[in-house]
Amino acid sequence: MAEHLSRLLADLQEDQVIETVKERLATGEPAIGIIDELQKGMELVGQKYQAQEYYLSELIMSADIFKTATALMGDAFKASNDKIGKIVLGTVYEDIHDIGKDIVAIVLSCNGIEVIDLGVSVPIESFVEAVRQHKPEFVGLSCLLTTAYDNMKATVAALDASGLHEGRKILIGGGPVDETTRDYVNADAFCKNAQEAADMVKKILGVK
Amino acid sequence: MTQASDLYAQRLQRIQRAVALEKQDRVPVVPLADSFCAKYLGETLSVFCTGTAEAATNAQIKAITSLGEIDGFQHATFNANLLSTLWLSKVKMSGVELPEDNLWQVEETELMKTEDYDVIIRDGWQKFIDDFWMYRLDNLGARVGPIFAALPAAIQAWKDIGIVPFSPVIVTIPYEYFCGARSMREFIKDLFRRPDKVQEAMDVAIPVLIEQTRQICRGFKLHGIWVGGWRAASEFLSRPLWERFVFPYYKQMIEAVVAEGVVPVLHWDSNWTRDLEYLLQFPKAKCVFSPDGATDIFKAKEVLGDHMCIMGDVPSEMLALATPEKVTEYCKRLISEIGPTGFILAQGCDIPPNAKPENVRALIASVHN
C-alpha cells in the first residue's frame with residue numbers, strides 16, 4: 001500500500017494519487033504516514049530527474065500533484081517537517097526570471113531541503129532579513145540577466161557586512177552564471193544546474 | 001555605393017558559403033546587439049527600446065560598426081514591443097514599469113486560459129491571435145505596426161553600408177506561443193492534463209504560422225529568418241513530450257522555410273544537446289544552428305558538423321566579465337574547432353547591455369587576425 005502511493009506520485013498519476021489520499025483520510029488514517037509516502041514519491045521523482053528520465057516538465061507536474069495532495073491534510077503537513085537542511089532562495093533584485101530558481105526549489109525539496117523561496121527581484125534587505133529570521137545553512141542567489149551581477153554582488157556584500165555570511169554558504173546559479181561570476185560576486189560556489197545544487201548541498205551537510 | 005554593394009555581395013557570399021558548408025576565405029562574423037548598442041552610445045534604454053525603428057537601426061549601425069568590420073548583423077532593427085509578438089506576454093518596459101536605464105523584461109503571466117485551446121480549435125489561430133493582441137496585450141498591433149512597416153527601410157539601411165541583415169524576422173512554433181501565453185508552469189501542466197487538446201490547437205495553428213512565414217520570406221525577400229526556440233529546449237522537457245509537441249512543428253516550419261529558398265537560423269536558447277541528432281532530419285547545408293552558450297557547441301559540431309552550419313556562441317557572461325584576451329582565446333578555439341568551414345562567429349543569443357566594448361571588439365577582430 002505504502003509503496004503504491006509513492007509509485008503513483010512518481011508515475012505522475014494525478015487522479016489516482018488524489019483519490020487514494022482522500023480515501024485513506026476518510027478511513028481515519030493519520031496524515032503523517034500518508035505525507036511520508038508522498039515525500040518518498042517525490043524522492044523517486046528526484047531520482048528519475050537525476051537519471052535524466054525526468055526533466056523540468058515532470059518536476060513541475062509532480063510538485064503540483066504533491067501540493068494538491070498535501071493540501072488535503074491541512075496543518076498536518078507543516079507539522080511533519082523532517083528536513084536535512086534549509087536554504088533561503090531567490091532571484092536577485094531587478095531580475096524577474098523565475099524558472100531556474102523554481103527548478104532548484106523543486107529539486108532541493110525533493111532532496112529533503114527546506115526551501116524558503118523569496119521569489120523574484122528580491123531586494124537585498126529582504127535576503128538579509130530572511131537569513132536573520134530563518135538561519136539557513138545556505139543562501140541561493142539566481143539571475144538570468146548579466147546586468148543583475150552587481151545586485152548579486154551587493155547581496156553577498158550585505159550578508160558579509162551584517163555578519164550573516166559566517167557559518168553558511170552562499171550558492172549562485174542561473175543562465176549566465178559561471179565560475180567567473182562566482183569570483184566577481186564573491187559567492188562560495190557556483191552550481192551549474194539544479195542537480196548540482198542538490199549534490200553540493202548534501203555534500204556540505206555530509207548527507208549521502 | 002558601388003563599394004558598399006561590392007562589399008555586401010562579398011559578405012553575403014561568405015555567409016552563404018558557410019551555410020552551404022563550402023570552403024571559406026575566412027570565417028564570417030555576424031553579431032546581434034540591441035541594448036548593448038544603446039548603452040555603448042550613452043542612450044537611455046527607455047528611449048531606445050520604444051523608439052522608432054529608424055532610430056534603433058541607426059544606433060545599432062553606429063555602435064557595431066565602430067567596433068570592427070562585420071559581415072552581417074542578425075537583425076535589422078529593434079523594439080521591445082516585438083518581444084510580446086513572440087512570447088504573447090507583456091513586457092516590463094524601461095522607463096515605464098522599470099527604471100529608465102534597466103533592461104526590459106518579459107513578464108510571464110497566465111494571459112491565456114485553458115478554455116482558449118477550444119477557442120483556437122473553433123475559431124482558428126488568426127482570430128484568436130487578433131483578439132489576443134487587442135484585448136490581452138493592450139492593442140499590441142498599434143505598437144508594433146509601425147515597426148513592421150519600417151522594416152524594409154531598416155533592411156535597406158544595412159545593405160547601403162555593405163552589411164548583410166541576415167535574419168531580420170523571427171518566427172516560431174505553436175509551443176512557444178502557448179507556453180508564453182499560458183506561462184511555463186501552467187502550460188507544462190497542460191501537456192500532462194489535456195495533451196490531446198493542446199496538440200489539436202497546435203495543429204490548427206501551425207499551418208497558419210507556416211503560411212505567414214512563407215509570405216514574410218517572399219515579401220521581405222529574405223536570405224535568412226530566425227526560427228526561434230527558448231522554452232521548447234530539450235533541457236526543459238522529457239523526450240516523449242519533446243517528440244510530440246516540439247520537434248514535428250519545427251520540422252514542418254523549417255522545411256517550409258527551406259522550400260522558399262531562405263535559410264532557417266535556428267536561434268535556440270537554453271540547452272538542446274540531448275536532441276541534436278534530430279537536427280540531422282533537416283535539409284543538409286541549408287540551415288544554421290545558433291545555440292546561446294548553454295548547448296554544448298562542440299558536441300553540436302561532432303553531431304551536425306557535416307550537415308549544418310553552426311553559429312555562435314561567445315557567452316554573455318564572457319562578454320560582460322572576461323578580458324579581451326579570454327574572448328579572443330575562445331573565439332580562436334571556435335574558429336579552429338567548429339570552423340573554419342560551416343561556421344559563423346557570433347555571440348550566444350544577444351550581446352548583453354553590460355558587455356565590455358573591448359570584448360565585443362575582440363570578438364569581431366578574431367576573424368580578421
# chains A, B, ... in the order shown; residues from 1 in each chain; ligands from 1
>>> interface_residues(of="chain B", to="chain A", cutoff="6 Å", atoms="only C-alpha atoms", output="PyMOL selection string")
chain B and resi 188-189+236-238+317
>>> write_last_selection(atoms="N, CA and C atoms", output="PDB file, in the first residue's frame")
ATOM      1  N   ILE B 188       3.070  23.617 -19.002  1.00  0.00           N
ATOM      2  CA  ILE B 188       3.626  22.269 -18.850  1.00  0.00           C
ATOM      3  C   ILE B 188       2.609  21.340 -18.192  1.00  0.00           C
ATOM      4  N   LYS B 189       1.845  21.865 -17.254  1.00  0.00           N
ATOM      5  CA  LYS B 189       0.799  21.026 -16.647  1.00  0.00           C
ATOM      6  C   LYS B 189      -0.268  20.665 -17.687  1.00  0.00           C
ATOM      7  N   PHE B 236      14.241  21.280 -20.799  1.00  0.00           N
ATOM      8  CA  PHE B 236      13.030  21.517 -20.013  1.00  0.00           C
ATOM      9  C   PHE B 236      11.995  20.407 -20.134  1.00  0.00           C
ATOM     10  N   LEU B 237      12.119  19.586 -21.156  1.00  0.00           N
ATOM     11  CA  LEU B 237      11.060  18.617 -21.455  1.00  0.00           C
ATOM     12  C   LEU B 237      11.612  17.208 -21.581  1.00  0.00           C
ATOM     13  N   SER B 238      10.885  16.240 -21.050  1.00  0.00           N
ATOM     14  CA  SER B 238      11.283  14.858 -21.286  1.00  0.00           C
ATOM     15  C   SER B 238      11.104  14.550 -22.773  1.00  0.00           C
ATOM     16  N   GLU B 317      28.130  35.935 -20.347  1.00  0.00           N
ATOM     17  CA  GLU B 317      28.926  36.160 -19.137  1.00  0.00           C
ATOM     18  C   GLU B 317      30.376  36.481 -19.488  1.00  0.00           C
TER      19      GLU B 317
END
>>> residues_around(residues="segment 162-164 of chain A", least_positions_apart="3", cutoff="12 Å", atoms="only C-alpha atoms", output="list of chain:residue names")
A:Ile124, A:Glu125, A:Phe127, A:Val128, A:Glu129, A:Ala130, A:Val131, A:Arg132, A:Gln133, A:His134, A:Lys135, A:Pro136, A:Glu137, A:Phe138, A:Val139, A:Thr155, A:Val156, A:Ala157, A:Ala158, A:Leu159, A:Gly167, A:Arg168, A:Lys169, A:Ile170
>>> residues_around(residues="Pro123 of chain A", least_positions_apart="6", cutoff="10 Å", atoms="only C-alpha atoms", output="short mmCIF file (atom, residue, chain, number, x, y, z; two decimals) with N, CA and C atoms, in the first residue's frame")
data_model
loop_
_atom_site.label_atom_id
_atom_site.label_comp_id
_atom_site.auth_asym_id
_atom_site.auth_seq_id
_atom_site.Cartn_x
_atom_site.Cartn_y
_atom_site.Cartn_z
N GLY A 90 16.29 32.95 -3.85
CA GLY A 90 15.56 33.98 -4.60
C GLY A 90 16.33 34.46 -5.81
N THR A 91 15.59 35.07 -6.75
CA THR A 91 16.21 35.75 -7.89
C THR A 91 16.55 37.16 -7.43
N VAL A 92 17.75 37.61 -7.74
CA VAL A 92 18.23 38.87 -7.16
C VAL A 92 17.46 40.07 -7.70
N TYR A 93 17.63 41.17 -7.01
CA TYR A 93 16.88 42.40 -7.28
C TYR A 93 17.02 42.85 -8.74
N GLU A 94 15.90 43.28 -9.30
CA GLU A 94 15.79 43.80 -10.67
C GLU A 94 15.88 42.72 -11.73
N ASN A 151 23.81 43.42 -8.50
CA ASN A 151 22.92 43.25 -7.35
C ASN A 151 23.21 41.94 -6.62
N THR A 155 24.28 41.84 -2.78
CA THR A 155 23.57 40.99 -1.81
C THR A 155 24.59 40.21 -0.96
#
>>> select_by_dssp(residues="segment 53-296 of chain B", states="strand (DSSP E or B)", output="list in words")
Gly72, Phe73, Lys90, Val91, Lys92, Ser94, Leu98, Gln105, Val106, Glu107, Val164, Pro165, Ile170, Val171, Gly224, Ile225, Trp226, Val227, Gly229, Val263, Pro264, Val265, Leu266, His267, Trp268, Val288, Phe289, Ser290 and Pro291 of chain B
>>> write_last_selection(atoms="C-alpha atoms", output="CSV table (one decimal), in the first residue's frame")
chain,number,residue,atom,x,y,z
B,72,GLY,CA,26.4,40.7,-41.3
B,73,PHE,CA,24.1,41.6,-38.5
B,90,LYS,CA,3.5,41.7,-21.6
B,91,VAL,CA,7.0,43.3,-21.4
B,92,LYS,CA,8.1,45.4,-18.4
B,94,SER,CA,12.5,50.5,-19.2
B,98,LEU,CA,11.2,49.7,-14.6
B,105,GLN,CA,12.0,42.0,-19.2
B,106,VAL,CA,9.2,39.7,-20.4
B,107,GLU,CA,6.6,39.4,-17.7
B,164,VAL,CA,24.0,41.8,-44.6
B,165,PRO,CA,21.0,42.0,-42.3
B,170,ILE,CA,11.7,36.0,-36.1
B,171,VAL,CA,9.1,33.2,-36.3
B,224,GLY,CA,17.6,34.1,-43.7
B,225,ILE,CA,14.9,34.0,-40.9
B,226,TRP,CA,15.2,33.3,-37.2
B,227,VAL,CA,13.2,30.2,-36.3
B,229,GLY,CA,13.2,28.4,-29.6
B,263,VAL,CA,18.0,29.9,-44.6
B,264,PRO,CA,16.3,29.0,-41.3
B,265,VAL,CA,18.5,30.2,-38.5
B,266,LEU,CA,17.7,28.0,-35.5
B,267,HIS,CA,18.2,30.6,-32.8
B,268,TRP,CA,17.7,28.2,-30.0
B,288,VAL,CA,22.1,27.4,-39.4
B,289,PHE,CA,22.1,26.1,-35.8
B,290,SER,CA,22.6,29.0,-33.4
B,291,PRO,CA,22.9,28.0,-29.8
>>> select_by_dssp(residues="segment 46-180 of chain B", states="helix (DSSP H, G or I)", output="count of residues only")
71
>>> residues_around(residues="Leu363 of chain B", least_positions_apart="3", cutoff="9 Å", atoms="only C-alpha atoms", output="VMD selection string")
chain B and resid 29 314 319 324 327 to 328 330 to 331 345 to 347 358 to 360 366 to 367
>>> residues_around(residues="His368 of chain B", least_positions_apart="5", cutoff="12 Å", atoms="only C-alpha atoms", output="list in words")
Asp25, Arg26, Val27, Pro28, Val29, Gly68, Glu69, Ile70, Asp71, Thr328, Cys331, Lys332, Ile335, Leu345, Arg361, Ala362 and Leu363 of chain B
>>> write_last_selection(atoms="N, CA and C atoms", output="mmCIF file, in the first residue's frame")
data_model
loop_
_atom_site.group_PDB
_atom_site.id
_atom_site.type_symbol
_atom_site.label_atom_id
_atom_site.label_comp_id
_atom_site.auth_asym_id
_atom_site.auth_seq_id
_atom_site.Cartn_x
_atom_site.Cartn_y
_atom_site.Cartn_z
ATOM 1 N N ASP B 25 37.232 31.793 -47.467
ATOM 2 C CA ASP B 25 38.432 32.621 -47.339
ATOM 3 C C ASP B 25 38.681 32.923 -45.871
ATOM 4 N N ARG B 26 37.632 33.197 -45.143
ATOM 5 C CA ARG B 26 37.707 33.324 -43.692
ATOM 6 C C ARG B 26 36.316 33.125 -43.099
ATOM 7 N N VAL B 27 36.285 32.912 -41.789
ATOM 8 C CA VAL B 27 35.003 32.732 -41.104
ATOM 9 C C VAL B 27 34.253 34.071 -41.074
ATOM 10 N N PRO B 28 32.958 34.091 -41.434
ATOM 11 C CA PRO B 28 32.188 35.339 -41.314
ATOM 12 C C PRO B 28 31.810 35.621 -39.854
ATOM 13 N N VAL B 29 31.647 36.892 -39.549
ATOM 14 C CA VAL B 29 31.204 37.269 -38.197
ATOM 15 C C VAL B 29 29.896 38.050 -38.330
ATOM 16 N N GLY B 68 34.488 47.316 -35.286
ATOM 17 C CA GLY B 68 35.199 46.417 -36.195
ATOM 18 C C GLY B 68 34.385 46.126 -37.437
ATOM 19 N N GLU B 69 34.991 45.324 -38.324
ATOM 20 C CA GLU B 69 34.354 45.026 -39.608
ATOM 21 C C GLU B 69 33.563 43.735 -39.509
ATOM 22 N N ILE B 70 32.260 43.846 -39.678
ATOM 23 C CA ILE B 70 31.405 42.655 -39.602
ATOM 24 C C ILE B 70 30.873 42.319 -41.000
ATOM 25 N N ASP B 71 30.495 41.061 -41.176
ATOM 26 C CA ASP B 71 29.931 40.633 -42.463
ATOM 27 C C ASP B 71 28.432 40.847 -42.501
ATOM 28 N N THR B 328 39.223 36.481 -27.111
ATOM 29 C CA THR B 328 39.978 36.111 -28.313
ATOM 30 C C THR B 328 40.336 34.629 -28.285
ATOM 31 N N CYS B 331 37.232 32.628 -29.065
ATOM 32 C CA CYS B 331 36.853 32.769 -30.477
ATOM 33 C C CYS B 331 37.792 31.966 -31.376
ATOM 34 N N LYS B 332 39.076 32.007 -31.065
ATOM 35 C CA LYS B 332 40.047 31.265 -31.881
ATOM 36 C C LYS B 332 39.772 29.762 -31.799
ATOM 37 N N ILE B 335 36.774 29.096 -33.967
ATOM 38 C CA ILE B 335 37.114 29.173 -35.391
ATOM 39 C C ILE B 335 37.850 27.914 -35.840
ATOM 40 N N LEU B 345 30.887 33.116 -36.781
ATOM 41 C CA LEU B 345 31.177 33.561 -35.421
ATOM 42 C C LEU B 345 30.137 34.590 -34.981
ATOM 43 N N ARG B 361 34.827 44.114 -29.395
ATOM 44 C CA ARG B 361 35.844 44.401 -30.415
ATOM 45 C C ARG B 361 36.736 43.163 -30.623
ATOM 46 N N ALA B 362 37.082 42.503 -29.538
ATOM 47 C CA ALA B 362 37.933 41.305 -29.632
ATOM 48 C C ALA B 362 37.222 40.184 -30.378
ATOM 49 N N LEU B 363 35.917 40.049 -30.127
ATOM 50 C CA LEU B 363 35.134 39.020 -30.828
ATOM 51 C C LEU B 363 35.198 39.268 -32.342
#
>>> atom_distance(atom1="atom CA of Ala38 of chain B", atom2="atom CA of Gln60 of chain B")
7.7 Å
>>> closest_residue(among="A:Gly74, A:Gly206, A:Pro30, A:Gly46", to="Asn111 of chain A", atoms="only C-alpha atoms")
A:Gly46
>>> atom_distance(atom1="atom CA of Leu151 of chain B", atom2="atom CA of Ser167 of chain B")
11.8 Å
>>> closest_residue(among="A:Ile65, A:Val185, A:Ala198, A:Ile87", to="Asp117 of chain A", atoms="only C-alpha atoms")
A:Ile87
>>> atom_distance(atom1="atom CA of Leu8 of chain A", atom2="atom CA of Tyr117 of chain B")
28.2 Å
>>> closest_residue(among="B:Pro340, B:Pro240, B:Pro315, B:Gly124", to="Asp275 of chain B", atoms="only C-alpha atoms")
B:Pro240
>>> residues_around(residues="segment 172-181 of chain B", least_positions_apart="5", cutoff="6 Å", atoms="only C-alpha atoms", output="JSON, numbers by chain")
{"B": [87, 88, 89, 111, 112, 187, 202, 227, 228]}
>>> residues_around(residues="Ile297 of chain B", least_positions_apart="3", cutoff="8 Å", atoms="only C-alpha atoms", output="number ranges by chain")
B: 291, 293, 300-301, 313, 338
